[in-house]
Amino acid sequence: MNINPTLKYQIGDQKKSFFIFWIIMCGLLVLTFVASMILMAVYGSFDSSNDTATQIVTPFYGYYMFVASVCGIYLFFSSIGSFKENFLMMQQNSVSRKSMFVARLETIGIMSLIMTVCALVFYYLTWAVLRIMFMIEGSSDTMALSFAEPNSNAILTLVETLCGFLLLMAIGYFITVLFYRLNKTGKILVPILVCVLFAVFSTLSSIFASHPIVMALEKFWLLCSATMSAQIISQFCFAAAFMLVSWLLIRRAPVKRTI
Amino acid sequence: MIETKNLCKSYRKSEALIDASLRFEENKIYGLLGRNGAGKTTLLNCIDGRIFSSSGEILMDGEPIPENDKKLNDIYLMTEQMLYPENMKIKNIFKWSANFYPDFDIPYAMRISEKFGLDVNKKSKALSTGYSSILKCVISLSVNTKYVFFDEPVLGLDANHRDLFYRLLIEKFSEEPFTAVVSTHLIDEVASIIEDVIIIEQGRVLRQDSCEQLLKNGYTISGRAADVDSFIIGKQILSADSIGGLKTVCVMEPLDRSKVPPELDVTKLDLQKLFIQMTNAAEDESKAL
């Protein structure tokens, strides 16, 4: 298998946009802090002896999920743009579809892991700057250092983030592969069909809420999201399912005429 | 050796390849000739795995090629389509080619790029049609794989660049022999460099033979109609033209010059004329059926 140069290429392809994304994130963070400092200068600074520090810290629990969500959106869209150009480049360099797909799986795994770590680092970086700026100390410090929700496991939160990223990248990749394989008519019909099915399903499931099939689907959904461990397993399984279908679409994909 | 056995490729409304059985031996230069839509590009795309054949086998040294990285790494296919990323600079294309093909010679690629006047700092999308072809020629000549397939390598090239390409191809072949398969419509230009010829017509392999053998057996006979008619009895005729009492016939058969009546003129066919006659005859035959 010709995986090494293929993996190197696919990861290299993501490098530039990855750095630009984090530069923008840091830039936005700097802008937010500058704006806060201006407000502080106008309205006075905070003192940890009053409740304002807690007011900053408490909503900060959601900040990690906010950062993770933004990273997830980036990964989804970067995955959507990752098939056609890579596929054609691999075909030109006589790389089999199998090798390309295996390298893609590795790329998804590596990118998701890196992004999970980066999201965590960014979270702590933001908290460090907030601490310095607003002179926040003591118990508020300990509370904010735990990026997981109260009463939940930090390691599980990280694993859940990782699996979420895997799922988003798998969905993005599946969409781009599907659209490559579809002809012109299919590219128009499929989005319409998805919207129609979604609308029909939503309507029918509310009309027939007590129907066994609808109830079974609801039970399945609750089962998948009941606990953090269930969420992790279900996200991983869905990611695997999307990648499997993507492989079935890729294995006989022809090089289409681009001229 | 690369071998195709009864290779077929059909699309919804047409058969692009019908029972194509061919051999590409090592260290030879082949000319793959055929009219527009004959199936040359389809054949090359099937061999390289860019499209899948409907049936048949494609083997290299007895092993199937499709989806076999080890065998695919011994092949480089250059087609009209530019599959490299549009925004990639040429020098980066060379760098990545060296990653995928370990024997890719970057210094050689740089040297011949200079000869062609190709700016390696340009992006591939900024190249004209001619320079796109030049880029692909440079990579094909630098890749150093066992088999290199050139599909219309001189498309858009001016006469000087075409001459340069052919010279570099011969030089490369002399220094480090490999199997080159050149698919082109410019038959006169490649006739002097190709060893073996494969002629494809309407998806079928019309003929695979050495250039020498093919040209040995192709000739025109002209003279009075009655004299020509009596001489060509039992011979394989490609075409016949009559004007007044004179007749010209193209024949594809070994010729014993000593048995040719003095009143008849015999001229050897060049490769292009032979190709035209053979493909026209094949077309007429299929229309008759």
# chains A, B, ... in the order shown; residues from 1 in each chain; ligands from 1

call {"tool": "interface_residues", "arguments": {"of": "chain A", "to": "chain B", "cutoff": "10 Å", "atoms": "only C-alpha atoms", "output": "JSON, numbers by chain"}}
result
{"A": [1, 2, 3, 4, 5, 6, 8, 9, 84, 85, 86, 87, 88, 89, 90, 91, 92, 93, 94, 95, 96, 97, 98, 99, 251, 252, 253, 254, 255, 256, 257, 258, 259]}

call {"tool": "select_by_dssp", "arguments": {"residues": "stretch 65-246 of chain B", "states": "alpha helix (DSSP H)", "output": "number ranges by chain"}}
result
B: 69-72, 90-100, 106-116, 129-142, 159-175, 187-190, 211-216, 225-231

call {"tool": "residues_around", "arguments": {"residues": "A:Ile80", "least_positions_apart": "5", "cutoff": "12 Å", "atoms": "only C-alpha atoms", "output": "MDAnalysis selection string"}}
result
chainID A and resid 14 73:75 85:86 168:180

call {"tool": "write_last_selection", "arguments": {"atoms": "N, CA, C and O atoms", "output": "mmCIF file, in the first residue's frame"}}
result
data_model
loop_
_atom_site.group_PDB
_atom_site.id
_atom_site.type_symbol
_atom_site.label_atom_id
_atom_site.label_comp_id
_atom_site.auth_asym_id
_atom_site.auth_seq_id
_atom_site.Cartn_x
_atom_site.Cartn_y
_atom_site.Cartn_z
ATOM 1 N N GLN A 14 -4.378 20.054 4.645
ATOM 2 C CA GLN A 14 -5.183 20.690 5.696
ATOM 3 C C GLN A 14 -4.389 21.730 6.490
ATOM 4 O O GLN A 14 -4.978 22.548 7.185
ATOM 5 N N ILE A 73 -17.344 22.837 13.418
ATOM 6 C CA ILE A 73 -17.848 23.423 12.166
ATOM 7 C C ILE A 73 -16.715 23.532 11.157
ATOM 8 O O ILE A 73 -16.871 23.208 9.968
ATOM 9 N N TYR A 74 -15.545 23.976 11.635
ATOM 10 C CA TYR A 74 -14.388 24.077 10.742
ATOM 11 C C TYR A 74 -14.040 22.707 10.153
ATOM 12 O O TYR A 74 -13.830 22.564 8.941
ATOM 13 N N LEU A 75 -14.007 21.695 11.008
ATOM 14 C CA LEU A 75 -13.638 20.348 10.539
ATOM 15 C C LEU A 75 -14.657 19.822 9.524
ATOM 16 O O LEU A 75 -14.287 19.190 8.534
ATOM 17 N N GLU A 85 -10.220 17.112 -5.165
ATOM 18 C CA GLU A 85 -8.842 17.465 -5.524
ATOM 19 C C GLU A 85 -7.866 16.365 -5.090
ATOM 20 O O GLU A 85 -6.955 16.004 -5.842
ATOM 21 N N ASN A 86 -8.093 15.834 -3.882
ATOM 22 C CA ASN A 86 -7.225 14.752 -3.387
ATOM 23 C C ASN A 86 -7.333 13.516 -4.254
ATOM 24 O O ASN A 86 -6.334 12.888 -4.599
ATOM 25 N N LEU A 168 -18.369 14.577 12.643
ATOM 26 C CA LEU A 168 -18.562 15.712 11.736
ATOM 27 C C LEU A 168 -17.697 15.561 10.497
ATOM 28 O O LEU A 168 -18.140 15.849 9.373
ATOM 29 N N MET A 169 -16.453 15.120 10.681
ATOM 30 C CA MET A 169 -15.574 14.936 9.514
ATOM 31 C C MET A 169 -16.085 13.810 8.623
ATOM 32 O O MET A 169 -16.016 13.901 7.396
ATOM 33 N N ALA A 170 -16.606 12.763 9.248
ATOM 34 C CA ALA A 170 -17.129 11.631 8.466
ATOM 35 C C ALA A 170 -18.348 12.062 7.646
ATOM 36 O O ALA A 170 -18.484 11.684 6.475
ATOM 37 N N ILE A 171 -19.212 12.863 8.256
ATOM 38 C CA ILE A 171 -20.407 13.335 7.537
ATOM 39 C C ILE A 171 -19.994 14.236 6.373
ATOM 40 O O ILE A 171 -20.488 14.097 5.253
ATOM 41 N N GLY A 172 -19.063 15.158 6.642
ATOM 42 C CA GLY A 172 -18.580 16.055 5.585
ATOM 43 C C GLY A 172 -17.984 15.273 4.427
ATOM 44 O O GLY A 172 -18.245 15.548 3.257
ATOM 45 N N TYR A 173 -17.189 14.274 4.738
ATOM 46 C CA TYR A 173 -16.540 13.458 3.705
ATOM 47 C C TYR A 173 -17.567 12.672 2.910
ATOM 48 O O TYR A 173 -17.495 12.596 1.674
ATOM 49 N N PHE A 174 -18.550 12.129 3.603
ATOM 50 C CA PHE A 174 -19.609 11.364 2.943
ATOM 51 C C PHE A 174 -20.361 12.255 1.948
ATOM 52 O O PHE A 174 -20.619 11.854 0.810
ATOM 53 N N ILE A 175 -20.675 13.474 2.370
ATOM 54 C CA ILE A 175 -21.423 14.390 1.504
ATOM 55 C C ILE A 175 -20.620 14.700 0.245
ATOM 56 O O ILE A 175 -21.136 14.660 -0.872
ATOM 57 N N THR A 176 -19.320 14.979 0.417
ATOM 58 C CA THR A 176 -18.518 15.345 -0.757
ATOM 59 C C THR A 176 -18.323 14.164 -1.706
ATOM 60 O O THR A 176 -18.366 14.326 -2.931
ATOM 61 N N VAL A 177 -18.183 12.964 -1.141
ATOM 62 C CA VAL A 177 -18.025 11.773 -1.994
ATOM 63 C C VAL A 177 -19.331 11.496 -2.729
ATOM 64 O O VAL A 177 -19.338 11.195 -3.926
ATOM 65 N N LEU A 178 -20.445 11.620 -2.016
ATOM 66 C CA LEU A 178 -21.754 11.373 -2.623
ATOM 67 C C LEU A 178 -21.960 12.315 -3.808
ATOM 68 O O LEU A 178 -22.386 11.892 -4.887
ATOM 69 N N PHE A 179 -21.657 13.587 -3.587
ATOM 70 C CA PHE A 179 -21.871 14.553 -4.658
ATOM 71 C C PHE A 179 -20.920 14.336 -5.833
ATOM 72 O O PHE A 179 -21.241 14.649 -6.966
ATOM 73 N N TYR A 180 -19.755 13.797 -5.580
ATOM 74 C CA TYR A 180 -18.838 13.477 -6.686
ATOM 75 C C TYR A 180 -19.420 12.358 -7.544
ATOM 76 O O TYR A 180 -19.337 12.375 -8.759
#

call {"tool": "residues_around", "arguments": {"residues": "B:Asn87", "least_positions_apart": "2", "cutoff": "9 Å", "atoms": "only C-alpha atoms", "output": "list in words"}}
result
Tyr84, Pro85, Lys89, Lys123, Ser124, Lys125 and Ala126 of chain B

call {"tool": "residues_around", "arguments": {"residues": "B:Leu32", "least_positions_apart": "4", "cutoff": "6 Å", "atoms": "only C-alpha atoms", "output": "list of chain:residue names"}}
result
B:Val182, B:Ser183, B:Ile198

call {"tool": "atom_distance", "arguments": {"atom1": "atom CA of B:Gly34", "atom2": "atom CA of B:His185"}}
result
7.4 Å

call {"tool": "select_by_dssp", "arguments": {"residues": "stretch 6-206 of chain B", "states": "strand (DSSP E or B)", "output": "NGL selection string"}}
result
:B and (6-10 or 15-24 or 29-34 or 55-60 or 63-64 or 75-78 or 89 or 123 or 147-151 or 179-183 or 196-201 or 204-206)

call {"tool": "write_last_selection", "arguments": {"atoms": "N, CA and C atoms", "output": "compact mmCIF listing (two decimals), in the first residue's frame"}}
result
# COMPACT_ATOMS: atom_id res chain seq x y z
N ASN B 6 -9.04 -9.57 -23.50
CA ASN B 6 -10.48 -9.39 -23.80
C ASN B 6 -11.09 -8.23 -23.03
N LEU B 7 -10.40 -7.13 -23.06
CA LEU B 7 -10.85 -5.96 -22.29
C LEU B 7 -12.04 -5.31 -22.99
N CYS B 8 -13.11 -5.12 -22.21
CA CYS B 8 -14.31 -4.46 -22.74
C CYS B 8 -14.68 -3.31 -21.84
N LYS B 9 -15.10 -2.24 -22.45
CA LYS B 9 -15.63 -1.12 -21.66
C LYS B 9 -16.83 -0.57 -22.41
N SER B 10 -17.96 -0.63 -21.76
CA SER B 10 -19.16 -0.07 -22.42
C SER B 10 -19.77 0.99 -21.54
N GLU B 15 -20.09 1.20 -27.03
CA GLU B 15 -19.04 0.28 -26.60
C GLU B 15 -17.71 0.95 -26.91
N ALA B 16 -16.99 1.35 -25.88
CA ALA B 16 -15.74 2.05 -26.10
C ALA B 16 -14.59 1.10 -26.42
N LEU B 17 -14.64 -0.08 -25.80
CA LEU B 17 -13.61 -1.10 -26.06
C LEU B 17 -14.30 -2.45 -26.22
N ILE B 18 -13.87 -3.18 -27.24
CA ILE B 18 -14.49 -4.50 -27.48
C ILE B 18 -13.38 -5.53 -27.61
N ASP B 19 -13.31 -6.41 -26.64
CA ASP B 19 -12.34 -7.53 -26.68
C ASP B 19 -10.92 -7.08 -27.04
N ALA B 20 -10.45 -6.06 -26.35
CA ALA B 20 -9.10 -5.55 -26.66
C ALA B 20 -8.06 -6.42 -25.95
N SER B 21 -7.29 -7.13 -26.73
CA SER B 21 -6.21 -7.96 -26.17
C SER B 21 -4.89 -7.44 -26.72
N LEU B 22 -4.04 -7.01 -25.80
CA LEU B 22 -2.78 -6.35 -26.20
C LEU B 22 -1.66 -6.76 -25.29
N ARG B 23 -0.45 -6.47 -25.78
CA ARG B 23 0.73 -6.70 -24.93
C ARG B 23 1.65 -5.51 -25.04
N PHE B 24 2.17 -5.06 -23.91
CA PHE B 24 3.22 -4.04 -23.91
C PHE B 24 4.43 -4.65 -23.24
N ILE B 29 9.26 1.23 -27.49
CA ILE B 29 8.42 2.42 -27.71
C ILE B 29 7.28 2.01 -28.64
N TYR B 30 6.09 2.15 -28.13
CA TYR B 30 4.91 1.78 -28.90
C TYR B 30 4.20 3.04 -29.40
N GLY B 31 3.60 2.91 -30.58
CA GLY B 31 2.70 3.95 -31.06
C GLY B 31 1.28 3.40 -30.96
N LEU B 32 0.45 4.10 -30.23
CA LEU B 32 -0.96 3.69 -30.11
C LEU B 32 -1.76 4.62 -31.01
N LEU B 33 -2.20 4.08 -32.13
CA LEU B 33 -2.83 4.93 -33.14
C LEU B 33 -4.31 4.58 -33.29
N GLY B 34 -5.09 5.59 -33.56
CA GLY B 34 -6.51 5.35 -33.77
C GLY B 34 -7.20 6.65 -34.09
N SER B 55 -15.40 -5.66 -18.45
CA SER B 55 -14.95 -7.06 -18.30
C SER B 55 -13.55 -7.18 -18.88
N GLY B 56 -12.93 -8.32 -18.62
CA GLY B 56 -11.59 -8.55 -19.13
C GLY B 56 -10.56 -8.37 -18.03
N GLU B 57 -9.31 -8.62 -18.39
CA GLU B 57 -8.23 -8.54 -17.39
C GLU B 57 -7.15 -7.58 -17.82
N ILE B 58 -6.54 -6.97 -16.82
CA ILE B 58 -5.37 -6.12 -17.08
C ILE B 58 -4.28 -6.60 -16.13
N LEU B 59 -3.20 -7.12 -16.72
CA LEU B 59 -2.17 -7.77 -15.90
C LEU B 59 -0.80 -7.15 -16.14
N MET B 60 -0.01 -7.13 -15.09
CA MET B 60 1.40 -6.77 -15.24
C MET B 60 2.20 -7.92 -14.66
N GLU B 63 0.18 -10.34 -12.72
CA GLU B 63 -0.64 -9.89 -11.57
C GLU B 63 -1.61 -8.80 -12.02
N PRO B 64 -2.82 -8.82 -11.46
CA PRO B 64 -3.79 -7.76 -11.87
C PRO B 64 -3.27 -6.38 -11.43
N ILE B 75 3.66 2.49 -13.18
CA ILE B 75 3.00 3.08 -14.35
C ILE B 75 2.85 4.58 -14.13
N TYR B 76 3.05 5.35 -15.19
CA TYR B 76 2.68 6.77 -15.15
C TYR B 76 1.89 7.06 -16.41
N LEU B 77 0.73 7.64 -16.22
CA LEU B 77 -0.11 8.00 -17.37
C LEU B 77 -0.26 9.51 -17.47
N MET B 78 0.05 10.00 -18.65
CA MET B 78 -0.09 11.43 -18.91
C MET B 78 -1.23 11.60 -19.90
N LYS B 89 1.98 25.13 -7.23
CA LYS B 89 3.08 25.60 -8.08
C LYS B 89 3.77 24.39 -8.71
N LYS B 123 1.74 28.72 -11.05
CA LYS B 123 0.75 27.73 -10.63
C LYS B 123 0.24 27.01 -11.89
N TYR B 147 6.79 1.83 -17.02
CA TYR B 147 5.86 2.07 -18.14
C TYR B 147 5.37 3.51 -18.07
N VAL B 148 5.51 4.22 -19.17
CA VAL B 148 4.99 5.58 -19.23
C VAL B 148 4.06 5.67 -20.43
N PHE B 149 2.83 6.08 -20.17
CA PHE B 149 1.84 6.21 -21.24
C PHE B 149 1.64 7.69 -21.53
N PHE B 150 1.88 8.05 -22.78
CA PHE B 150 1.70 9.44 -23.21
C PHE B 150 0.45 9.52 -24.08
N ASP B 151 -0.59 10.18 -23.57
CA ASP B 151 -1.81 10.33 -24.37
C ASP B 151 -1.82 11.75 -24.95
N THR B 179 9.39 1.37 -21.06
CA THR B 179 8.33 1.16 -22.06
C THR B 179 7.56 2.46 -22.20
N ALA B 180 7.60 3.02 -23.40
CA ALA B 180 6.85 4.24 -23.67
C ALA B 180 5.73 3.91 -24.66
N VAL B 181 4.55 4.34 -24.34
CA VAL B 181 3.41 4.14 -25.25
C VAL B 181 2.91 5.53 -25.62
N VAL B 182 3.08 5.88 -26.87
CA VAL B 182 2.72 7.23 -27.31
C VAL B 182 1.45 7.14 -28.15
N SER B 183 0.40 7.76 -27.64
CA SER B 183 -0.87 7.80 -28.36
C SER B 183 -0.98 9.17 -29.01
N ASP B 196 6.95 -0.48 -32.23
CA ASP B 196 5.76 -1.30 -32.48
C ASP B 196 4.54 -0.40 -32.61
N VAL B 197 3.59 -0.88 -33.36
CA VAL B 197 2.37 -0.09 -33.62
C VAL B 197 1.14 -0.88 -33.17
N ILE B 198 0.25 -0.16 -32.52
CA ILE B 198 -1.06 -0.76 -32.19
C ILE B 198 -2.10 0.16 -32.82
N ILE B 199 -2.94 -0.43 -33.64
CA ILE B 199 -4.00 0.38 -34.29
C ILE B 199 -5.34 -0.05 -33.71
N ILE B 200 -6.06 0.94 -33.19
CA ILE B 200 -7.39 0.68 -32.63
C ILE B 200 -8.42 1.36 -33.51
N GLU B 201 -9.49 0.65 -33.78
CA GLU B 201 -10.56 1.22 -34.59
C GLU B 201 -11.90 0.78 -34.00
N ARG B 204 -11.95 -1.79 -31.21
CA ARG B 204 -11.29 -3.08 -31.41
C ARG B 204 -9.84 -2.86 -31.81
N VAL B 205 -9.00 -3.83 -31.44
CA VAL B 205 -7.60 -3.77 -31.87
C VAL B 205 -7.54 -4.29 -33.29
N LEU B 206 -7.19 -3.37 -34.18
CA LEU B 206 -7.15 -3.75 -35.59
C LEU B 206 -5.88 -4.52 -35.90

call {"tool": "closest_residue", "arguments": {"among": "B:Ser142, B:Ser174, B:Glu152, B:Thr279", "to": "B:Pro102", "atoms": "only C-alpha atoms"}}
result
B:Ser142

call {"tool": "atom_distance", "arguments": {"atom1": "atom CA of B:Asn144", "atom2": "atom CA of B:His161"}}
result
21.0 Å
